[in-house]
Each structure stands twice: as structure tokens, then as C-alpha cells.
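Containing compact mmCIF, C-alpha atoms: final06.txt.
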# COMPACT_ATOMS: atom_id res chain seq x y z
CA MET B 1 -239.61 -154.85 21.91
CA ARG B 2 -238.13 -154.83 18.44
CA LEU B 3 -237.43 -151.49 16.86
CA ARG B 4 -237.22 -150.74 13.19
CA ARG B 5 -235.63 -147.86 11.37
CA SER B 6 -238.97 -146.38 10.41
CA GLN B 7 -239.89 -146.11 14.09
CA CYS B 8 -236.70 -144.31 15.02
CA ILE B 9 -236.45 -141.59 12.35
CA LEU B 10 -236.45 -138.41 14.39
CA SER B 11 -236.41 -136.16 11.37
CA CYS B 12 -232.68 -135.70 11.41
CA ALA B 13 -233.18 -132.58 9.36
CA SER B 14 -234.81 -131.07 12.46
CA TYR B 15 -231.46 -131.18 14.24
CA TYR B 16 -230.54 -128.08 12.26
CA LYS B 17 -231.69 -127.07 9.34
CA ALA B 18 -213.42 -121.02 0.74
CA ASP B 19 -211.65 -119.24 -2.46
CA GLU B 20 -209.09 -116.95 -0.77
CA ASP B 21 -205.33 -116.31 -0.69
CA GLU B 22 -202.94 -115.57 2.13
CA SER B 23 -203.44 -111.80 1.89
CA ASN B 24 -207.20 -112.13 2.17
CA TRP B 25 -207.10 -114.61 5.03
CA HIS B 26 -206.80 -112.16 7.90
CA ARG B 27 -209.30 -109.76 6.32
CA LYS B 28 -211.97 -112.46 6.08
CA LYS B 29 -211.19 -114.20 9.35
CA LEU B 30 -213.88 -112.46 11.36
CA ASP B 31 -216.52 -113.72 8.94
CA GLU B 32 -215.27 -117.28 8.78
CA GLU B 33 -213.64 -118.11 12.10
CA PRO B 34 -215.46 -120.16 14.68
CA SER B 35 -216.81 -117.83 17.35
CA TRP B 36 -214.56 -119.37 20.01
CA SER B 37 -211.45 -118.24 18.11
CA HIS B 38 -212.21 -114.56 18.66
CA HIS B 39 -211.50 -114.89 22.37
CA PRO B 40 -208.04 -114.46 23.96
CA PRO B 41 -205.72 -117.43 23.46
CA HIS B 42 -205.45 -118.15 27.18
CA VAL B 43 -209.24 -118.36 27.40
CA ILE B 44 -209.42 -120.76 24.45
CA SER B 45 -206.72 -122.88 26.04
CA GLN B 46 -208.70 -123.03 29.28
CA PHE B 47 -211.84 -124.13 27.41
CA ALA B 48 -209.94 -126.78 25.48
CA GLN B 49 -208.28 -128.04 28.65
CA CYS B 50 -211.70 -128.27 30.27
CA PHE B 51 -212.91 -130.39 27.36
CA THR B 52 -209.88 -132.64 27.40
CA ASN B 53 -209.93 -133.21 31.14
CA ALA B 54 -213.66 -133.87 31.16
CA MET B 55 -213.80 -136.32 28.28
CA VAL B 56 -210.40 -137.73 27.38
CA GLY B 57 -208.65 -137.44 30.72
CA PRO B 58 -204.90 -136.96 31.26
CA ARG B 59 -202.75 -136.93 28.17
CA ALA B 60 -201.65 -140.52 28.37
CA TRP B 61 -202.30 -143.21 25.80
CA ILE B 62 -205.98 -143.93 26.00
CA GLY B 63 -205.74 -147.69 26.33
CA GLY B 64 -205.39 -147.40 30.08
CA ILE B 65 -208.62 -145.46 30.32
CA PHE B 66 -210.74 -148.14 28.68
CA ASN B 67 -209.83 -150.67 31.33
CA ARG B 68 -211.42 -148.37 33.89
CA SER B 69 -214.43 -147.37 31.83
CA SER B 70 -217.78 -149.08 31.75
CA ASN B 71 -220.14 -149.50 28.84
CA LYS B 72 -223.82 -149.99 29.47
CA ARG B 73 -224.85 -153.36 28.08
CA LEU B 74 -228.03 -153.31 26.05
CA GLY B 75 -230.24 -156.31 25.48
CA SER B 76 -229.97 -159.79 27.02
CA ASP B 77 -227.25 -162.38 27.46
CA LYS B 78 -227.97 -163.73 23.99
CA TYR B 79 -225.69 -161.01 22.64
CA LEU B 80 -222.68 -162.24 24.58
CA ASN B 81 -222.05 -165.46 22.64
CA TYR B 82 -222.76 -164.48 19.08
CA PRO B 83 -220.44 -165.90 16.42
CA LEU B 84 -218.39 -163.70 14.11
CA THR B 85 -217.85 -164.53 10.48
CA PRO B 86 -214.18 -164.74 9.45
CA HIS B 87 -214.49 -161.42 7.61
CA GLN B 88 -216.18 -159.71 10.57
CA GLU B 89 -213.44 -160.98 12.87
CA GLN B 90 -210.76 -159.77 10.48
CA SER B 91 -212.39 -156.35 10.15
CA LEU B 92 -212.79 -155.98 13.91
CA HIS B 93 -209.17 -156.95 14.57
CA GLY B 94 -208.02 -154.52 11.89
CA LEU B 95 -209.90 -151.70 13.59
CA GLN B 96 -208.55 -152.70 16.99
CA GLU B 97 -205.02 -152.57 15.58
CA ARG B 98 -205.71 -148.99 14.45
CA LEU B 99 -206.81 -148.13 17.98
CA GLY B 100 -203.46 -149.30 19.31
CA VAL B 101 -201.36 -146.86 17.26
CA PRO B 102 -200.32 -143.81 19.32
CA PHE B 103 -199.68 -140.53 17.57
CA ASP B 104 -195.93 -140.10 17.08
CA GLU B 105 -194.84 -136.64 15.98
CA ALA B 106 -191.45 -138.10 14.92
CA ARG B 107 -193.05 -140.38 12.29
CA LEU B 108 -193.02 -138.92 8.80
CA ASP B 109 -196.37 -140.46 7.87
CA HIS B 110 -197.97 -138.94 10.96
CA GLN B 111 -196.47 -135.56 10.12
CA GLU B 112 -197.81 -135.86 6.58
CA ALA B 113 -201.28 -136.74 7.84
CA LEU B 114 -201.22 -133.65 10.04
CA ARG B 115 -200.26 -131.47 7.06
CA ASP B 116 -203.00 -133.10 5.01
CA LEU B 117 -205.53 -132.21 7.70
CA TRP B 118 -204.49 -128.57 7.62
CA ASN B 119 -204.62 -128.46 3.83
CA ALA B 120 -208.08 -130.01 3.80
CA ALA B 121 -209.34 -127.58 6.43
CA PHE B 122 -207.69 -124.45 5.04
CA PRO B 123 -206.79 -125.25 1.41
CA ASN B 124 -205.79 -121.70 0.53
CA VAL B 125 -203.68 -120.96 3.59
CA LYS B 126 -200.11 -122.18 3.87
CA LEU B 127 -199.17 -123.83 7.15
CA LYS B 128 -195.98 -122.19 8.35
CA SER B 129 -194.84 -125.09 10.51
CA LEU B 130 -196.14 -128.23 12.17
CA ILE B 131 -195.78 -126.24 15.38
CA SER B 132 -197.62 -123.01 14.75
CA GLU B 133 -200.14 -120.70 16.38
CA GLN B 134 -202.22 -121.26 13.24
CA TRP B 135 -203.47 -124.56 14.68
CA LYS B 136 -205.57 -122.66 17.19
CA ASP B 137 -207.79 -121.62 14.28
CA MET B 138 -208.90 -125.25 14.10
CA GLY B 139 -209.55 -125.51 17.82
CA TRP B 140 -206.39 -127.10 19.21
CA GLN B 141 -205.22 -126.23 22.70
CA GLY B 142 -201.94 -124.77 21.59
CA ALA B 143 -199.43 -124.43 18.80
CA ASN B 144 -198.57 -128.14 18.75
CA PRO B 145 -201.61 -130.37 18.05
CA SER B 146 -199.59 -133.52 18.64
CA THR B 147 -200.00 -132.94 22.39
CA ASP B 148 -203.78 -133.26 21.96
CA PHE B 149 -203.59 -136.38 19.80
CA ARG B 150 -201.80 -138.17 22.61
CA GLY B 151 -205.16 -138.43 24.33
CA CYS B 152 -206.67 -140.77 21.75
CA GLY B 153 -203.93 -141.90 19.39
CA PHE B 154 -203.42 -141.68 15.66
CA ILE B 155 -206.95 -142.85 14.88
CA SER B 156 -208.35 -139.53 16.09
CA LEU B 157 -206.26 -137.77 13.44
CA GLU B 158 -207.34 -140.34 10.85
CA ASN B 159 -210.97 -139.68 11.76
CA LEU B 160 -210.65 -135.92 11.36
CA LEU B 161 -208.78 -136.29 8.08
CA TYR B 162 -211.37 -138.74 6.74
CA PHE B 163 -214.17 -136.34 7.65
CA ALA B 164 -212.39 -133.42 5.97
CA THR B 165 -211.74 -135.30 2.72
CA ARG B 166 -214.83 -137.51 2.43
CA TYR B 167 -217.48 -135.01 3.54
CA PRO B 168 -215.76 -131.61 3.13
CA ALA B 169 -218.95 -129.53 3.02
CA CYS B 170 -220.17 -130.92 6.34
CA PHE B 171 -216.67 -130.70 7.83
CA HIS B 172 -216.32 -127.01 6.98
CA ARG B 173 -219.87 -126.24 8.10
CA LEU B 174 -219.01 -127.58 11.55
CA LEU B 175 -215.49 -126.12 11.61
CA PHE B 176 -216.72 -122.62 10.83
CA LYS B 177 -219.99 -123.01 12.78
CA GLN B 178 -221.97 -121.97 9.72
CA SER B 179 -225.42 -123.27 10.68
CA GLY B 180 -227.83 -122.49 13.48
CA LEU B 181 -227.81 -119.96 16.28
CA ARG B 182 -224.38 -120.39 17.79
CA ALA B 183 -223.41 -119.94 21.42
CA THR B 184 -221.22 -117.10 22.64
CA TRP B 185 -218.72 -119.70 23.88
CA GLU B 186 -218.52 -122.43 21.25
CA TYR B 187 -216.81 -125.80 21.54
CA PRO B 188 -213.26 -125.97 20.11
CA PHE B 189 -213.69 -128.00 16.93
CA ALA B 190 -210.56 -130.18 16.92
CA VAL B 191 -210.60 -131.06 20.61
CA ALA B 192 -214.28 -131.93 20.31
CA GLY B 193 -213.39 -134.23 17.41
CA ILE B 194 -210.96 -136.19 19.57
CA ASN B 195 -213.67 -136.61 22.18
CA VAL B 196 -216.06 -137.97 19.54
CA THR B 197 -213.52 -140.65 18.66
CA PHE B 198 -213.11 -141.56 22.33
CA MET B 199 -216.88 -141.70 22.84
CA LEU B 200 -217.35 -144.08 19.90
CA ILE B 201 -214.62 -146.45 21.09
CA GLN B 202 -216.24 -146.65 24.49
CA MET B 203 -219.79 -146.92 23.19
CA LEU B 204 -218.96 -149.76 20.80
CA ASP B 205 -216.86 -151.64 23.38
CA LEU B 206 -214.07 -151.96 20.85
CA PHE B 207 -211.35 -153.04 23.25
CA SER B 208 -213.20 -156.22 24.16
CA GLU B 209 -212.45 -159.37 22.22
CA LYS B 210 -216.01 -159.02 20.97
CA PRO B 211 -218.37 -156.14 21.83
CA LYS B 212 -220.78 -157.11 24.60
CA CYS B 213 -223.48 -154.57 23.81
CA LEU B 214 -226.13 -154.52 21.11
CA PRO B 215 -224.83 -151.37 19.37
CA GLY B 216 -221.36 -152.94 19.27
CA LEU B 217 -222.73 -156.21 17.93
CA ASN B 218 -224.62 -154.45 15.16
CA PHE B 219 -221.58 -152.31 14.38
CA VAL B 220 -219.43 -155.41 13.89
CA LYS B 221 -221.95 -156.51 11.25
CA LEU B 222 -221.60 -153.13 9.55
CA ILE B 223 -217.81 -153.14 9.56
CA GLY B 224 -217.89 -156.65 8.15
CA GLU B 225 -219.61 -155.17 5.09
CA ASP B 226 -217.70 -151.88 4.92
CA ASP B 227 -214.16 -151.40 6.19
CA GLU B 228 -214.77 -147.64 6.40
CA ALA B 229 -217.83 -148.00 8.64
CA PHE B 230 -216.07 -146.65 11.75
CA ASP B 231 -214.81 -143.57 9.91
CA VAL B 232 -218.24 -142.90 8.44
CA LEU B 233 -219.84 -143.41 11.85
CA TYR B 234 -217.40 -140.85 13.23
CA CYS B 235 -218.60 -138.29 10.68
CA ILE B 236 -222.22 -139.05 11.56
CA ALA B 237 -221.48 -138.77 15.28
CA PHE B 238 -219.67 -135.43 14.91
CA ALA B 239 -222.53 -133.98 12.85
CA MET B 240 -225.06 -135.36 15.33
CA MET B 241 -223.11 -133.85 18.22
CA ASP B 242 -223.22 -130.44 16.58
CA ALA B 243 -226.94 -130.84 15.91
CA GLN B 244 -227.52 -131.76 19.54
CA TRP B 245 -225.43 -128.76 20.58
CA LEU B 246 -227.75 -126.49 18.63
CA ALA B 247 -230.93 -128.23 19.74
CA MET B 248 -229.90 -127.99 23.40
CA ARG B 249 -228.70 -124.39 22.96
CA ALA B 250 -225.58 -125.49 24.74
CA SER B 251 -222.49 -123.61 25.77
CA TYR B 252 -219.01 -124.94 26.50
CA MET B 253 -219.75 -126.04 30.05
CA GLU B 254 -222.50 -128.32 28.74
CA PHE B 255 -220.36 -130.18 26.22
CA ASN B 256 -220.30 -133.33 28.32
CA ASN B 257 -224.12 -133.40 28.40
CA VAL B 258 -224.27 -132.87 24.65
CA LEU B 259 -221.86 -135.73 24.01
CA GLN B 260 -223.84 -138.00 26.31
CA ALA B 261 -227.06 -137.15 24.44
CA THR B 262 -225.28 -137.90 21.18
CA ARG B 263 -224.13 -141.26 22.49
CA MET B 264 -227.65 -142.20 23.59
CA GLN B 265 -229.08 -141.36 20.18
CA LEU B 266 -226.38 -143.35 18.39
CA GLU B 267 -227.00 -146.32 20.68
CA ARG B 268 -230.69 -146.22 19.79
CA GLU B 269 -229.99 -146.09 16.07
CA LEU B 270 -227.39 -148.86 16.22
CA SER B 271 -229.90 -151.02 18.11
CA LEU B 272 -232.44 -151.01 15.28
CA ASP B 273 -233.25 -154.36 13.68
CA ASP B 274 -233.15 -153.31 10.04
CA ILE B 275 -229.75 -151.59 9.83
CA GLN B 276 -227.81 -153.50 7.20
CA ARG B 277 -225.43 -150.75 6.06
CA ILE B 278 -223.97 -147.67 7.69
CA GLU B 279 -226.06 -145.65 5.24
CA ASP B 280 -229.23 -147.10 6.81
CA LEU B 281 -228.73 -145.16 10.05
CA PRO B 282 -231.40 -142.46 10.29
CA ALA B 283 -228.73 -139.85 11.10
CA PHE B 284 -226.71 -140.64 7.97
CA ASN B 285 -228.41 -137.76 6.15
CA LEU B 286 -226.74 -135.32 8.54
CA ILE B 287 -223.55 -135.67 6.51

Structure rendered as C-alpha cells:
Amino acid sequence: MRLRRSQCILSCASYYKADEDESNWHRKKLDEEPSWSHHPPHVISQFAQCFTNAMVGPRAWIGGIFNRSSNKRLGSDKYLNYPLTPHQEQSLHGLQERLGVPFDEARLDHQEALRDLWNAAFPNVKLKSLISEQWKDMGWQGANPSTDFRGCGFISLENLLYFATRYPACFHRLLFKQSGLRATWEYPFAVAGINVTFMLIQMLDLFSEKPKCLPGLNFVKLIGEDDEAFDVLYCIAFAMMDAQWLAMRASYMEFNNVLQATRMQLERELSLDDIQRIEDLPAFNLI
């Protein structure tokens, strides 16, 4: 049965319907902070560790995990032998090279990207140090976010930074949990973002020579037209995850279920016949 975009629009709108200085930061924190950041640090750390263990696994480079993971193949064997155009092949290999770059806290460009992420998230608050308790305000497990990036490599930082700079309004809405009826125990934003990256890599079968699933096949077509397609898809997936979180009235113990529901919806949208651009995905309007 062939599906078209018009058949799959689920009314994405139904998923859900910062000028300050350093001295004002602490005064306004209670109004702006994600609800999870009001809880004791050891509790937040336990939540974040639960997320990381459930989704990303031990803090080792993620390449070893993909060899043990399985990706549900959609469609028939006709998708296994499809040809790639030279540009599609080049774009796919370029993305796969990005996946192979681990986060290295000793690299100056990685340090700079981390500072850029902070400045994009909190433009009016000076980061005291790359190792600082301030990072917990973004939803990292501890004072050194580099330990969390080890779970999914440098691309997970690139994804967060792209989201913050390309779609800042959506990024801050999710960071500060500004829409919907929020749970008492919310998901830690940054750790959740790493898990979204990991979910997409698995879903699209990106460590295969060529994806062997219909969503992955259609994604290769998209990235052949737009080198930023993976980064944009990440933003869509993060916004969709938050929308699913609200729709399911989830709490932190249900994060895995929310991410799985997000994956299933993305697989459906990426399996449509008339998706020619990343902007054609029904969920694109979430960002």
C-alpha cells in the first residue's frame, strides 16, 4: 500500500499547541529553568544516568553499540539493491565520517563548539569554565558535559548546536519547557538530545554501507539534495519527541517509550512516497 504525505498528516500542531544580565539570572531562574533543575543535584544525576544507561548505554564510543543493534527493515527486498547517485554516495559517506568523530575535550575546536552551545542556550550568562556546575542548567549529568558526549560522539554536540542556532525559538521552548502541561519530573534536555541523535543513527541504519530500510533509503535521497538534512531531521525529531512527551503525559521513567513512539512516527513519515525535501515531512512545522 502506497502512502502519500496527505494521508499521513496527523495535524502536527495537535502535538502541542531571554534579555537578562548576570545579576538577574538567579532571580529569574525559577521562572525560566526546566522543572527538573529545581530538584537536588544528586536526583538530577540519577535521572540523567537512568536516561543514558537506558538509551545510549555505557560511556564508550557508540560505534560498538551499532554492531549489536538491530533496525527493523521496512518494505521488501527491492530496497536492498537500489543504486546511489554519485552525489548521494558522497553525501552519505560525508555523514558517516561525521559519525566516526569522537568528542575530544582536548581539541580546541571541540572546546569552542561547547562554548558556542552555551552561548546559544544562555546568551546573557557568562560560562565560568568548560567544567562548571552551570552545565546542569542545560540538563547534563554533571559539571563536565564532555563525559556525556562520549556516548555518541561529536555529532551529538553538532546536532545540539545546529538546533540552537538554526531554530533558536524552538530550541529554547524545549530547553525551558515553555509549552504544554509539564510533568513533575521532566526529562533532562541535553541528555535527551544525545539520545535523539543515537535514535536517528539507528533508525536510518547509517553505519551500513547503504541503509537497508525504507526510511533510510528515502533519507539518502534527502541528504543527496540537502547536506544539512540530518541536522534538520534531528531538530524535527527532538521537537516531535517533546510533543509525544506531552501527548503521552509522560514522566522520566517513560522516556524510552516516548522515544520509541517518536521513532515509529518518523519511520512512517520517512516512508511516504511524495517526500522530496526534508521540508516535506509533515512534522517539519513543529520547528

Nearest to Ala283 (chain B): which of B:Glu209, B:Asp242, B:Glu105, B:Glu269 is it, counting all atoms listed in the file?
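Closest to Ala283 (chain B), using all atoms listed in the file: B:Glu269.
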
Which one is closest to Arg182 (chain B): B:Trp245, B:Phe149, B:Tyr167, B:Phe122? Count all atoms listed in the file.
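Looking only at the distances to Arg182 (chain B), the closest residue turns out to be B:Trp245.
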
Which polymer residues have any atom within 10 Å of an atom of Glu225 (chain B), counting all atoms listed in the file, with same-chain residues fewer than 5 positions away left out, as a PyMOL selection string?
chain B and resi 87-88+91+219-220+276-278

Coordinates-based distance that separates CA of Leu286 (chain B) from CA of Leu181 (chain B) (Å, one decimal)
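The value is 17.2 Å.
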
Could you list, as a ChimeraX atom specification, every residue within 12 Å of Glu97 (chain B), counting only C-alpha atoms and ignoring same-chain residues fewer than 3 positions away?
/B:63,90-94,100-102,153-155,206-207

What does the distance between CA of Glu133 (chain B) and CA of His172 (chain B) come to in Å, to one decimal place?
19.7 Å

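Among the candidates B:Ser156, B:Ser208, B:Gln244, B:Asn195, the residue lying nearest to Arg98 (chain B) is B:Ser156 (atoms considered: all atoms listed in the file).
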
For Tyr187 (chain B), which of B:Ala169, B:Ile131, B:Met203, B:Met253 is the closest residue, counting all atoms listed in the file?
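Closest candidate: B:Met253.
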